[in-house]
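Structure file target.csv with CSV, C-alpha atoms:
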```csv
chain,number,residue,atom,x,y,z
A,1,MET,CA,-58.9,121.0,-87.3
A,2,THR,CA,-58.0,123.7,-84.8
A,3,SER,CA,-60.2,126.7,-85.0
A,4,ALA,CA,-60.0,130.0,-83.3
A,5,GLU,CA,-62.8,131.2,-81.0
A,6,PRO,CA,-63.1,134.8,-79.9
A,7,VAL,CA,-60.8,137.4,-81.5
A,8,LEU,CA,-60.1,141.0,-80.3
A,9,VAL,CA,-58.3,143.6,-82.4
A,10,ASN,CA,-57.0,146.5,-80.2
A,11,GLY,CA,-59.5,145.4,-77.6
A,12,VAL,CA,-62.6,145.3,-79.9
A,13,PRO,CA,-64.3,142.1,-81.1
A,14,ALA,CA,-63.3,141.7,-84.8
A,15,ASP,CA,-62.5,138.9,-87.3
A,16,ALA,CA,-60.1,140.9,-89.6
A,17,VAL,CA,-57.3,143.4,-89.6
A,18,SER,CA,-56.4,146.1,-92.1
A,19,SER,CA,-55.1,144.8,-95.4
A,20,LEU,CA,-52.3,147.4,-95.0
A,21,ASP,CA,-51.1,146.0,-91.7
A,22,ARG,CA,-47.3,145.5,-91.7
A,23,GLY,CA,-47.7,142.3,-89.9
A,24,LEU,CA,-49.5,140.9,-92.9
A,25,HIS,CA,-47.2,142.4,-95.5
A,26,PHE,CA,-43.8,141.8,-93.8
A,27,GLY,CA,-44.3,139.6,-90.7
A,28,ASP,CA,-43.4,142.9,-88.9
A,29,GLY,CA,-44.4,141.8,-85.4
A,30,LEU,CA,-44.2,139.4,-82.5
A,31,PHE,CA,-46.4,136.9,-80.8
A,32,GLU,CA,-46.9,135.0,-77.5
A,33,THR,CA,-48.7,131.7,-77.1
A,34,ILE,CA,-50.0,131.3,-73.6
A,35,ALA,CA,-51.4,128.0,-72.1
A,36,CYS,CA,-54.3,128.6,-69.7
A,37,VAL,CA,-55.3,125.9,-67.1
A,38,GLN,CA,-58.1,126.2,-64.6
A,39,GLY,CA,-58.8,129.7,-65.8
A,40,VAL,CA,-55.2,130.8,-65.1
A,41,PRO,CA,-52.7,131.8,-67.8
A,42,ARG,CA,-49.4,129.9,-67.2
A,43,PHE,CA,-46.4,132.2,-66.6
A,44,LEU,CA,-48.3,135.2,-67.9
A,45,SER,CA,-46.0,137.8,-66.4
A,46,LEU,CA,-43.0,136.1,-68.1
A,47,HIS,CA,-44.9,136.2,-71.5
A,48,LEU,CA,-45.7,139.9,-71.1
A,49,GLN,CA,-42.1,140.6,-70.1
A,50,ARG,CA,-40.9,138.9,-73.3
A,51,LEU,CA,-43.5,140.7,-75.4
A,52,ALA,CA,-42.5,144.1,-74.1
A,53,SER,CA,-38.8,143.3,-74.5
A,54,GLY,CA,-39.3,142.1,-78.1
A,55,CYS,CA,-41.3,145.3,-79.0
A,56,GLN,CA,-38.5,147.4,-77.6
A,57,ARG,CA,-35.9,145.5,-79.6
A,58,LEU,CA,-37.9,145.9,-82.8
A,59,GLN,CA,-38.8,149.5,-82.0
A,60,ILE,CA,-42.5,148.7,-82.1
A,61,GLU,CA,-44.8,150.9,-80.0
A,62,ALA,CA,-44.8,149.5,-76.5
A,63,PRO,CA,-47.7,147.3,-75.7
A,64,ASP,CA,-50.4,148.2,-73.2
A,65,LEU,CA,-49.6,145.4,-70.7
A,66,VAL,CA,-52.5,146.2,-68.4
A,67,ALA,CA,-55.0,145.8,-71.3
A,68,THR,CA,-53.2,142.8,-72.7
A,69,ARG,CA,-53.2,141.0,-69.3
A,70,ALA,CA,-56.9,141.7,-68.9
A,71,GLU,CA,-57.7,140.3,-72.4
A,72,VAL,CA,-55.7,137.2,-71.8
A,73,GLN,CA,-57.4,136.7,-68.4
A,74,SER,CA,-60.8,137.3,-69.8
A,75,PHE,CA,-60.2,134.6,-72.5
A,76,ALA,CA,-58.8,132.2,-69.9
A,77,GLY,CA,-62.0,132.3,-67.8
A,78,PRO,CA,-62.5,132.6,-64.1
A,79,PRO,CA,-59.7,131.1,-61.9
A,80,GLY,CA,-60.5,127.5,-61.0
A,81,ALA,CA,-62.9,127.1,-63.9
A,82,ALA,CA,-62.9,123.6,-65.3
A,83,SER,CA,-63.6,125.0,-68.7
A,84,GLY,CA,-60.6,127.4,-68.5
A,85,ARG,CA,-58.2,125.1,-70.4
A,86,CYS,CA,-57.4,126.9,-73.6
A,87,ILE,CA,-54.6,128.5,-75.6
A,88,VAL,CA,-54.5,132.3,-75.9
A,89,LYS,CA,-52.3,133.9,-78.6
A,90,VAL,CA,-51.3,137.6,-78.5
A,91,LEU,CA,-49.8,139.2,-81.6
A,92,MET,CA,-48.3,142.7,-81.7
A,93,THR,CA,-47.6,144.1,-85.1
A,94,ARG,CA,-46.1,147.5,-86.0
A,95,GLY,CA,-49.6,148.4,-87.3
A,96,VAL,CA,-51.1,149.8,-90.4
A,97,ALA,CA,-48.5,151.1,-92.9
A,98,THR,CA,-48.5,154.9,-93.3
A,99,VAL,CA,-46.1,154.7,-96.3
A,100,ARG,CA,-45.4,152.0,-99.0
A,101,GLY,CA,-42.3,149.9,-98.7
A,102,TYR,CA,-40.2,148.2,-96.1
A,103,ALA,CA,-39.1,151.2,-94.2
A,104,ALA,CA,-41.4,152.3,-91.4
A,105,SER,CA,-42.3,155.9,-91.0
A,106,GLY,CA,-42.3,155.9,-87.3
A,107,ARG,CA,-45.9,157.1,-87.2
A,108,GLU,CA,-47.5,153.6,-87.1
A,109,LYS,CA,-49.8,152.7,-84.3
A,110,ALA,CA,-49.2,149.1,-83.1
A,111,THR,CA,-52.0,146.5,-83.7
A,112,ARG,CA,-52.7,144.1,-80.8
A,113,ILE,CA,-54.6,140.9,-81.7
A,114,THR,CA,-55.7,138.5,-79.0
A,115,ILE,CA,-57.2,135.1,-80.0
A,116,ARG,CA,-58.4,132.1,-78.0
A,117,TYR,CA,-58.0,128.6,-79.3
A,118,PRO,CA,-59.4,125.4,-77.9
A,119,TRP,CA,-56.8,123.2,-76.2
A,120,PRO,CA,-55.7,120.6,-78.7
A,121,PRO,CA,-56.1,116.9,-78.2
A,122,GLU,CA,-53.2,115.4,-76.3
A,123,ASP,CA,-51.7,111.9,-76.0
A,124,PRO,CA,-50.7,111.4,-72.3
A,125,ARG,CA,-48.0,108.9,-73.5
A,126,HIS,CA,-46.0,111.8,-74.9
A,127,VAL,CA,-45.2,113.0,-71.4
A,128,GLN,CA,-44.8,109.5,-69.8
A,129,ASP,CA,-43.2,107.4,-72.6
A,130,GLY,CA,-41.6,110.1,-74.7
A,131,VAL,CA,-42.0,111.2,-78.4
A,132,THR,CA,-40.3,110.5,-81.7
A,133,ALA,CA,-38.2,113.2,-83.3
A,134,ARG,CA,-36.0,113.5,-86.3
A,135,THR,CA,-33.2,115.9,-87.4
A,136,LEU,CA,-34.3,117.9,-90.4
A,137,ALA,CA,-32.4,119.0,-93.5
A,138,MET,CA,-33.9,122.5,-93.2
A,139,ARG,CA,-31.4,125.0,-91.9
A,140,LEU,CA,-32.2,128.1,-89.9
A,141,GLY,CA,-30.7,131.4,-91.0
A,142,GLU,CA,-28.5,133.2,-88.5
A,143,ASN,CA,-29.3,136.8,-87.6
A,144,THR,CA,-28.2,138.2,-84.2
A,145,LEU,CA,-30.7,141.1,-84.5
A,146,LEU,CA,-33.6,138.6,-84.4
A,147,ALA,CA,-32.1,135.9,-82.3
A,148,GLY,CA,-34.3,134.9,-79.3
A,149,LEU,CA,-37.3,136.8,-80.6
A,150,LYS,CA,-40.7,135.1,-81.2
A,151,HIS,CA,-41.2,137.2,-84.3
A,152,CYS,CA,-43.9,136.7,-86.9
A,153,ASN,CA,-41.6,135.6,-89.7
A,154,ARG,CA,-42.2,131.8,-89.3
A,155,LEU,CA,-41.7,130.6,-92.9
A,156,GLU,CA,-38.6,128.6,-91.9
A,157,GLN,CA,-40.8,126.6,-89.4
A,158,VAL,CA,-43.5,126.2,-92.0
A,159,LEU,CA,-41.0,124.7,-94.4
A,160,ALA,CA,-39.4,122.6,-91.7
A,161,ARG,CA,-42.8,121.1,-90.7
A,162,SER,CA,-43.3,120.0,-94.3
A,163,GLN,CA,-40.2,117.8,-94.0
A,164,MET,CA,-41.7,115.7,-91.2
A,165,SER,CA,-43.5,112.4,-91.7
A,166,GLY,CA,-45.4,111.5,-88.6
A,167,GLU,CA,-42.8,112.4,-85.9
A,168,SER,CA,-43.9,114.6,-83.0
A,169,GLU,CA,-41.1,117.1,-83.5
A,170,GLY,CA,-38.2,117.9,-85.8
A,171,LEU,CA,-34.9,119.3,-84.7
A,172,LEU,CA,-33.2,122.1,-86.5
A,173,PHE,CA,-29.6,123.3,-87.0
A,174,SER,CA,-28.5,126.7,-88.1
A,175,SER,CA,-26.7,127.4,-91.4
A,176,SER,CA,-23.4,127.0,-89.7
A,177,GLY,CA,-24.3,123.7,-88.1
A,178,LYS,CA,-25.3,124.7,-84.6
A,179,LEU,CA,-28.1,122.9,-82.9
A,180,VAL,CA,-30.9,125.5,-82.3
A,181,SER,CA,-34.3,124.0,-81.4
A,182,GLY,CA,-37.3,122.0,-82.5
A,183,THR,CA,-39.8,123.5,-85.0
A,184,MET,CA,-42.1,124.4,-82.1
A,185,SER,CA,-39.9,123.7,-79.1
A,186,ASN,CA,-36.7,124.3,-77.3
A,187,VAL,CA,-34.3,121.4,-76.9
A,188,PHE,CA,-32.3,120.2,-73.9
A,189,LEU,CA,-29.5,117.5,-73.9
A,190,VAL,CA,-28.4,115.6,-70.8
A,191,HIS,CA,-24.8,114.4,-70.6
A,192,GLY,CA,-24.4,112.5,-67.3
A,193,SER,CA,-25.9,114.8,-64.7
A,194,LEU,CA,-25.3,118.0,-66.8
A,195,VAL,CA,-28.1,119.6,-68.7
A,196,ARG,CA,-27.2,121.6,-71.8
A,197,THR,CA,-29.4,123.8,-74.1
A,198,PRO,CA,-28.3,125.7,-77.2
A,199,ARG,CA,-27.2,129.3,-76.9
A,200,LEU,CA,-29.7,131.4,-78.9
A,201,ASP,CA,-27.4,134.3,-79.9
A,202,CYS,CA,-27.6,133.6,-83.6
A,203,CYS,CA,-31.2,132.4,-84.1
A,204,GLY,CA,-34.0,130.6,-82.4
A,205,VAL,CA,-36.7,131.5,-79.9
A,206,ALA,CA,-36.0,132.1,-76.2
A,207,GLY,CA,-39.0,130.1,-74.9
A,208,VAL,CA,-40.8,131.0,-71.7
A,209,MET,CA,-40.9,127.3,-70.7
A,210,ARG,CA,-37.2,127.0,-71.5
A,211,ARG,CA,-36.6,129.8,-69.0
A,212,VAL,CA,-38.8,128.2,-66.4
A,213,VAL,CA,-37.1,124.8,-66.8
A,214,MET,CA,-33.6,126.4,-66.4
A,215,GLN,CA,-34.7,128.2,-63.2
A,216,GLU,CA,-36.2,125.0,-61.7
A,217,ALA,CA,-33.1,123.0,-62.6
A,218,ALA,CA,-30.9,125.6,-60.9
A,219,ALA,CA,-33.1,125.6,-57.8
A,220,MET,CA,-32.8,121.8,-57.6
A,221,GLY,CA,-29.1,121.9,-57.9
A,222,VAL,CA,-29.1,120.4,-61.4
A,223,PRO,CA,-26.3,122.1,-63.4
A,224,VAL,CA,-27.5,123.7,-66.6
A,225,GLU,CA,-25.5,125.5,-69.2
A,226,GLU,CA,-26.2,127.4,-72.4
A,227,ARG,CA,-23.6,126.7,-74.9
A,228,GLU,CA,-22.9,126.1,-78.6
A,229,LEU,CA,-24.1,122.6,-79.4
A,230,ARG,CA,-23.6,120.6,-82.6
A,231,GLN,CA,-24.4,117.2,-84.1
A,232,VAL,CA,-21.9,115.4,-82.0
A,233,ASP,CA,-23.4,116.7,-78.8
A,234,LEU,CA,-26.9,115.5,-79.9
A,235,ALA,CA,-25.5,112.1,-81.0
A,236,THR,CA,-23.8,111.5,-77.6
A,237,ALA,CA,-26.6,112.8,-75.3
A,238,ASP,CA,-27.8,110.3,-72.7
A,239,GLU,CA,-31.2,112.0,-72.6
A,240,VAL,CA,-33.0,114.5,-74.8
A,241,PHE,CA,-36.1,116.5,-73.9
A,242,LEU,CA,-38.2,119.3,-75.5
A,243,THR,CA,-40.1,122.2,-74.0
A,244,ASN,CA,-42.7,124.7,-74.9
A,245,ALA,CA,-45.5,126.7,-73.3
A,246,ARG,CA,-48.2,124.0,-73.8
A,247,ILE,CA,-46.4,120.7,-73.6
A,248,GLY,CA,-44.2,121.5,-70.6
A,249,ILE,CA,-41.5,118.8,-71.0
A,250,TRP,CA,-41.6,116.0,-73.6
A,251,PRO,CA,-38.9,113.4,-73.3
A,252,VAL,CA,-37.5,112.1,-76.6
A,253,SER,CA,-37.6,108.3,-76.7
A,254,ARG,CA,-36.5,108.0,-80.4
A,255,LEU,CA,-34.3,110.3,-82.4
A,256,ASP,CA,-33.9,109.4,-86.0
A,257,ASP,CA,-32.9,105.7,-85.8
A,258,ARG,CA,-31.7,105.8,-82.2
A,259,ALA,CA,-33.7,104.7,-79.1
A,260,LEU,CA,-33.3,106.9,-76.1
A,261,ALA,CA,-34.1,106.3,-72.4
A,262,VAL,CA,-36.4,108.6,-70.6
A,263,GLY,CA,-33.8,109.2,-68.0
A,264,PRO,CA,-33.6,110.3,-64.4
A,265,VAL,CA,-32.7,113.9,-65.0
A,266,THR,CA,-35.7,114.4,-67.3
A,267,ARG,CA,-38.0,112.7,-64.8
A,268,ARG,CA,-36.8,114.9,-61.9
A,269,LEU,CA,-37.4,118.0,-64.0
A,270,GLN,CA,-40.9,116.8,-65.0
A,271,GLN,CA,-41.8,116.2,-61.4
A,272,ALA,CA,-40.6,119.6,-60.4
A,273,LEU,CA,-42.4,121.3,-63.2
A,274,SER,CA,-45.7,119.4,-62.9
A,275,PRO,CA,-47.3,121.5,-60.1
A,276,LEU,CA,-46.4,124.7,-61.9
A,277,LEU,CA,-48.3,123.5,-64.9
A,278,GLU,CA,-51.4,122.3,-63.1
A,279,ILE,CA,-51.5,125.3,-60.7
A,280,PRO,CA,-50.0,128.0,-62.9
A,281,ALA,CA,-47.5,130.4,-61.4
A,282,HIS,CA,-46.4,133.9,-62.3
A,283,ALA,CA,-49.9,134.8,-63.5
```
Target encoding structure tokens, full file:
Amino acid sequence: MTSAEPVLVNGVPADAVSSLDRGLHFGDGLFETIACVQGVPRFLSLHLQRLASGCQRLQIEAPDLVATRAEVQSFAGPPGAASGRCIVKVLMTRGVATVRGYAASGREKATRITIRYPWPPEDPRHVQDGVTARTLAMRLGENTLLAGLKHCNRLEQVLARSQMSGESEGLLFSSSGKLVSGTMSNVFLVHGSLVRTPRLDCCGVAGVMRRVVMQEAAAMGVPVEERELRQVDLATADEVFLTNARIGIWPVSRLDDRALAVGPVTRRLQQALSPLLEIPAHA
């Protein structure tokens, strides 16, 4: 069982937040999950950019990025530390409610929660040989106002995970039949030499690792496009791979009843990404 280690609430050690916090009542907030290796948070600047952008979109008080960066770094440990392999989660909520009900008063002061978790056990075969995945019956609601945000309303993912039965990941479509993501990952399809990933203008999370993979692919001359994808695109893909902040790239070796090759495009991208994961960049 994964357990949290240190917790800071607004920079102060604590193990609880106010029972009136809007994050608790309404999921009124955002979060970042940051993988830390050798005492260095992977792509921390990108995570902080996304956090600040999300707060702006939701009209939550802007985060103190200097304090947030310092907290994440303190939890990650000194650079180069062998013990610095951990997961740091940063949550920003709108804060303690000043009035009852859904509507915010505008007088709330944001709550910042920073938590360190131990790095979970990993099977190295997932990276090398690939993982099993399945398409799930659960459908994600479409809402352009929330699309792309890593907001705290995760009940859809909770319900989706309950539909899985031993697979490493489940793939999700939207209510109108668009391929969106995995329950905890972004998804990429390879058709020939072309890499495609779903547009996230209706729902889904614009993952930091998704962004990094797209940048690395472009630098390598591998064509990548964001577009509307549906079941037929998934069914005809030559390769499928998944990304998130911790796993980097997981090839999919079996999707539902179909075996998939861990193909050359996926391997090239894994090789390009590998040094960035072991010696984290953008910290």
Exercise. Nearest to A:Asp28: which of A:Leu189, A:Ala104, A:Met138, A:Met209 is it, counting only C-alpha atoms?
Worked result: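 Smallest separation from A:Asp28 among the options: A:Ala104.
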Wanna dump the stretch 25-106 of chain A-stretch 112-135 of chain A contacts at 9 Å for me, each residue with its shortest atom pair and the distance in Å to one decimal, counting all atoms listed in the file, ordered by chain and number, as a tab-separated table?
```
residue	atom	partner	partner_atom	distance
A:Ala35	CA	A:Trp119	CA	8.3
A:Cys36	CA	A:Trp119	CA	8.8
A:Pro63	CA	A:Arg112	CA	7.8
A:Asp64	CA	A:Arg112	CA	8.9
A:Thr68	CA	A:Thr114	CA	8.0
A:Glu71	CA	A:Thr114	CA	7.1
A:Val72	CA	A:Thr114	CA	7.3
A:Phe75	CA	A:Arg116	CA	6.3
A:Ala76	CA	A:Arg116	CA	8.1
A:Arg85	CA	A:Trp119	CA	6.3
A:Cys86	CA	A:Trp119	CA	4.6
A:Ile87	CA	A:Tyr117	CA	5.0
A:Val88	CA	A:Arg116	CA	4.4
A:Lys89	CA	A:Ile115	CA	5.2
A:Val90	CA	A:Thr114	CA	4.5
A:Leu91	CA	A:Ile113	CA	5.1
A:Met92	CA	A:Arg112	CA	4.7
A:Thr93	CA	A:Arg112	CA	6.7
A:Gly95	CA	A:Arg112	CA	8.4
```
For this session: May I ask for the distance between atom CA of A:Thr243 and atom CA of A:Val195, given in Å to one decimal place?
Result: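 Atom CA of A:Val195 lies 13.4 Å from atom CA of A:Thr243.
Each of A:Leu145, A:Val208, A:Val213, A:Leu242 was compared to A:Ser181 using all atoms listed in the file, and A:Leu242 turns out to be the nearest.
Using all atoms listed in the file, the shortest contact distance between A:Leu51 and any of A:Leu273, A:Ala206, A:Leu179, A:Leu172 is found at A:Ala206.
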Exercise. Looking at only C-alpha atoms, which of A:Pro13, A:Gly263, A:Ala110, A:Gly27 is the one that sits closest to A:Gln59?
Worked result: A:Ala110
Problem set entry | Among listed residues A:Ala147, A:Val222, A:Val99, A:Cys55, nearest A:Asp201 (using only C-alpha atoms) | A:Ala147
Extract stretch 68-100 of chain A from the coordinates I pasted, and write it as a PDB file, in the first residue's frame (atoms kept: N, CA and C atoms).
```pdb
ATOM      1  N   THR A  68       6.683  27.080  -4.103  1.00  0.00           N
ATOM      2  CA  THR A  68       6.327  25.732  -4.567  1.00  0.00           C
ATOM      3  C   THR A  68       7.562  24.994  -5.072  1.00  0.00           C
ATOM      4  N   ARG A  69       8.372  25.677  -5.862  1.00  0.00           N
ATOM      5  CA  ARG A  69       9.602  25.063  -6.368  1.00  0.00           C
ATOM      6  C   ARG A  69      10.494  24.624  -5.204  1.00  0.00           C
ATOM      7  N   ALA A  70      10.632  25.481  -4.193  1.00  0.00           N
ATOM      8  CA  ALA A  70      11.500  25.158  -3.055  1.00  0.00           C
ATOM      9  C   ALA A  70      10.975  23.954  -2.283  1.00  0.00           C
ATOM     10  N   GLU A  71       9.655  23.860  -2.123  1.00  0.00           N
ATOM     11  CA  GLU A  71       9.077  22.720  -1.412  1.00  0.00           C
ATOM     12  C   GLU A  71       9.303  21.418  -2.173  1.00  0.00           C
ATOM     13  N   VAL A  72       9.074  21.457  -3.484  1.00  0.00           N
ATOM     14  CA  VAL A  72       9.280  20.246  -4.288  1.00  0.00           C
ATOM     15  C   VAL A  72      10.746  19.818  -4.213  1.00  0.00           C
ATOM     16  N   GLN A  73      11.646  20.783  -4.352  1.00  0.00           N
ATOM     17  CA  GLN A  73      13.065  20.458  -4.316  1.00  0.00           C
ATOM     18  C   GLN A  73      13.483  19.903  -2.960  1.00  0.00           C
ATOM     19  N   SER A  74      12.922  20.456  -1.878  1.00  0.00           N
ATOM     20  CA  SER A  74      13.282  19.966  -0.548  1.00  0.00           C
ATOM     21  C   SER A  74      12.815  18.536  -0.339  1.00  0.00           C
ATOM     22  N   PHE A  75      11.673  18.181  -0.897  1.00  0.00           N
ATOM     23  CA  PHE A  75      11.173  16.815  -0.792  1.00  0.00           C
ATOM     24  C   PHE A  75      11.942  15.864  -1.702  1.00  0.00           C
ATOM     25  N   ALA A  76      12.450  16.379  -2.823  1.00  0.00           N
ATOM     26  CA  ALA A  76      13.187  15.534  -3.764  1.00  0.00           C
ATOM     27  C   ALA A  76      14.537  15.129  -3.202  1.00  0.00           C
ATOM     28  N   GLY A  77      15.108  15.963  -2.339  1.00  0.00           N
ATOM     29  CA  GLY A  77      16.419  15.663  -1.774  1.00  0.00           C
ATOM     30  C   GLY A  77      17.515  16.390  -2.518  1.00  0.00           C
ATOM     31  N   PRO A  78      18.756  16.281  -2.061  1.00  0.00           N
ATOM     32  CA  PRO A  78      19.866  16.966  -2.729  1.00  0.00           C
ATOM     33  C   PRO A  78      20.136  16.362  -4.092  1.00  0.00           C
ATOM     34  N   PRO A  79      20.478  17.180  -5.084  1.00  0.00           N
ATOM     35  CA  PRO A  79      20.788  16.647  -6.421  1.00  0.00           C
ATOM     36  C   PRO A  79      21.850  15.564  -6.356  1.00  0.00           C
ATOM     37  N   GLY A  80      21.610  14.472  -7.089  1.00  0.00           N
ATOM     38  CA  GLY A  80      22.534  13.358  -7.120  1.00  0.00           C
ATOM     39  C   GLY A  80      22.318  12.335  -6.031  1.00  0.00           C
ATOM     40  N   ALA A  81      21.372  12.614  -5.127  1.00  0.00           N
ATOM     41  CA  ALA A  81      21.155  11.701  -4.004  1.00  0.00           C
ATOM     42  C   ALA A  81      20.529  10.404  -4.486  1.00  0.00           C
ATOM     43  N   ALA A  82      21.111   9.292  -4.095  1.00  0.00           N
ATOM     44  CA  ALA A  82      20.556   7.987  -4.480  1.00  0.00           C
ATOM     45  C   ALA A  82      19.178   7.779  -3.877  1.00  0.00           C
ATOM     46  N   SER A  83      18.937   8.426  -2.732  1.00  0.00           N
ATOM     47  CA  SER A  83      17.644   8.276  -2.063  1.00  0.00           C
ATOM     48  C   SER A  83      16.612   9.268  -2.576  1.00  0.00           C
ATOM     49  N   GLY A  84      16.968  10.041  -3.603  1.00  0.00           N
ATOM     50  CA  GLY A  84      16.072  11.089  -4.076  1.00  0.00           C
ATOM     51  C   GLY A  84      15.053  10.643  -5.088  1.00  0.00           C
ATOM     52  N   ARG A  85      14.737   9.357  -5.133  1.00  0.00           N
ATOM     53  CA  ARG A  85      13.742   8.835  -6.081  1.00  0.00           C
ATOM     54  C   ARG A  85      12.395   8.779  -5.371  1.00  0.00           C
ATOM     55  N   CYS A  86      11.513   9.683  -5.710  1.00  0.00           N
ATOM     56  CA  CYS A  86      10.222   9.765  -5.034  1.00  0.00           C
ATOM     57  C   CYS A  86       9.224  10.458  -5.957  1.00  0.00           C
ATOM     58  N   ILE A  87       7.991  10.515  -5.496  1.00  0.00           N
ATOM     59  CA  ILE A  87       6.933  11.236  -6.195  1.00  0.00           C
ATOM     60  C   ILE A  87       6.492  12.397  -5.300  1.00  0.00           C
ATOM     61  N   VAL A  88       6.441  13.586  -5.850  1.00  0.00           N
ATOM     62  CA  VAL A  88       5.945  14.743  -5.108  1.00  0.00           C
ATOM     63  C   VAL A  88       4.664  15.231  -5.779  1.00  0.00           C
ATOM     64  N   LYS A  89       3.628  15.359  -4.981  1.00  0.00           N
ATOM     65  CA  LYS A  89       2.331  15.844  -5.478  1.00  0.00           C
ATOM     66  C   LYS A  89       2.070  17.221  -4.902  1.00  0.00           C
ATOM     67  N   VAL A  90       1.694  18.154  -5.767  1.00  0.00           N
ATOM     68  CA  VAL A  90       1.344  19.506  -5.350  1.00  0.00           C
ATOM     69  C   VAL A  90      -0.112  19.749  -5.723  1.00  0.00           C
ATOM     70  N   LEU A  91      -0.921  20.100  -4.733  1.00  0.00           N
ATOM     71  CA  LEU A  91      -2.321  20.440  -4.969  1.00  0.00           C
ATOM     72  C   LEU A  91      -2.541  21.910  -4.653  1.00  0.00           C
ATOM     73  N   MET A  92      -3.289  22.577  -5.510  1.00  0.00           N
ATOM     74  CA  MET A  92      -3.720  23.950  -5.251  1.00  0.00           C
ATOM     75  C   MET A  92      -5.240  23.967  -5.269  1.00  0.00           C
ATOM     76  N   THR A  93      -5.857  24.317  -4.142  1.00  0.00           N
ATOM     77  CA  THR A  93      -7.304  24.468  -4.112  1.00  0.00           C
ATOM     78  C   THR A  93      -7.651  25.947  -3.998  1.00  0.00           C
ATOM     79  N   ARG A  94      -8.916  26.251  -4.245  1.00  0.00           N
ATOM     80  CA  ARG A  94      -9.342  27.645  -4.115  1.00  0.00           C
ATOM     81  C   ARG A  94      -9.239  28.123  -2.669  1.00  0.00           C
ATOM     82  N   GLY A  95      -9.240  27.151  -1.753  1.00  0.00           N
ATOM     83  CA  GLY A  95      -9.049  27.503  -0.357  1.00  0.00           C
ATOM     84  C   GLY A  95     -10.294  27.321   0.479  1.00  0.00           C
ATOM     85  N   VAL A  96     -10.233  27.797   1.698  1.00  0.00           N
ATOM     86  CA  VAL A  96     -11.346  27.678   2.642  1.00  0.00           C
ATOM     87  C   VAL A  96     -12.503  28.544   2.176  1.00  0.00           C
ATOM     88  N   ALA A  97     -13.701  27.951   2.145  1.00  0.00           N
ATOM     89  CA  ALA A  97     -14.889  28.685   1.704  1.00  0.00           C
ATOM     90  C   ALA A  97     -15.203  29.822   2.669  1.00  0.00           C
ATOM     91  N   THR A  98     -15.555  30.963   2.108  1.00  0.00           N
ATOM     92  CA  THR A  98     -15.984  32.099   2.932  1.00  0.00           C
ATOM     93  C   THR A  98     -17.500  32.267   2.922  1.00  0.00           C
ATOM     94  N   VAL A  99     -18.159  31.549   2.009  1.00  0.00           N
ATOM     95  CA  VAL A  99     -19.625  31.522   1.966  1.00  0.00           C
ATOM     96  C   VAL A  99     -20.032  30.086   1.656  1.00  0.00           C
ATOM     97  N   ARG A 100     -21.284  29.725   1.994  1.00  0.00           N
ATOM     98  CA  ARG A 100     -21.775  28.388   1.685  1.00  0.00           C
ATOM     99  C   ARG A 100     -22.246  28.342   0.244  1.00  0.00           C
TER     100      ARG A 100
END
```
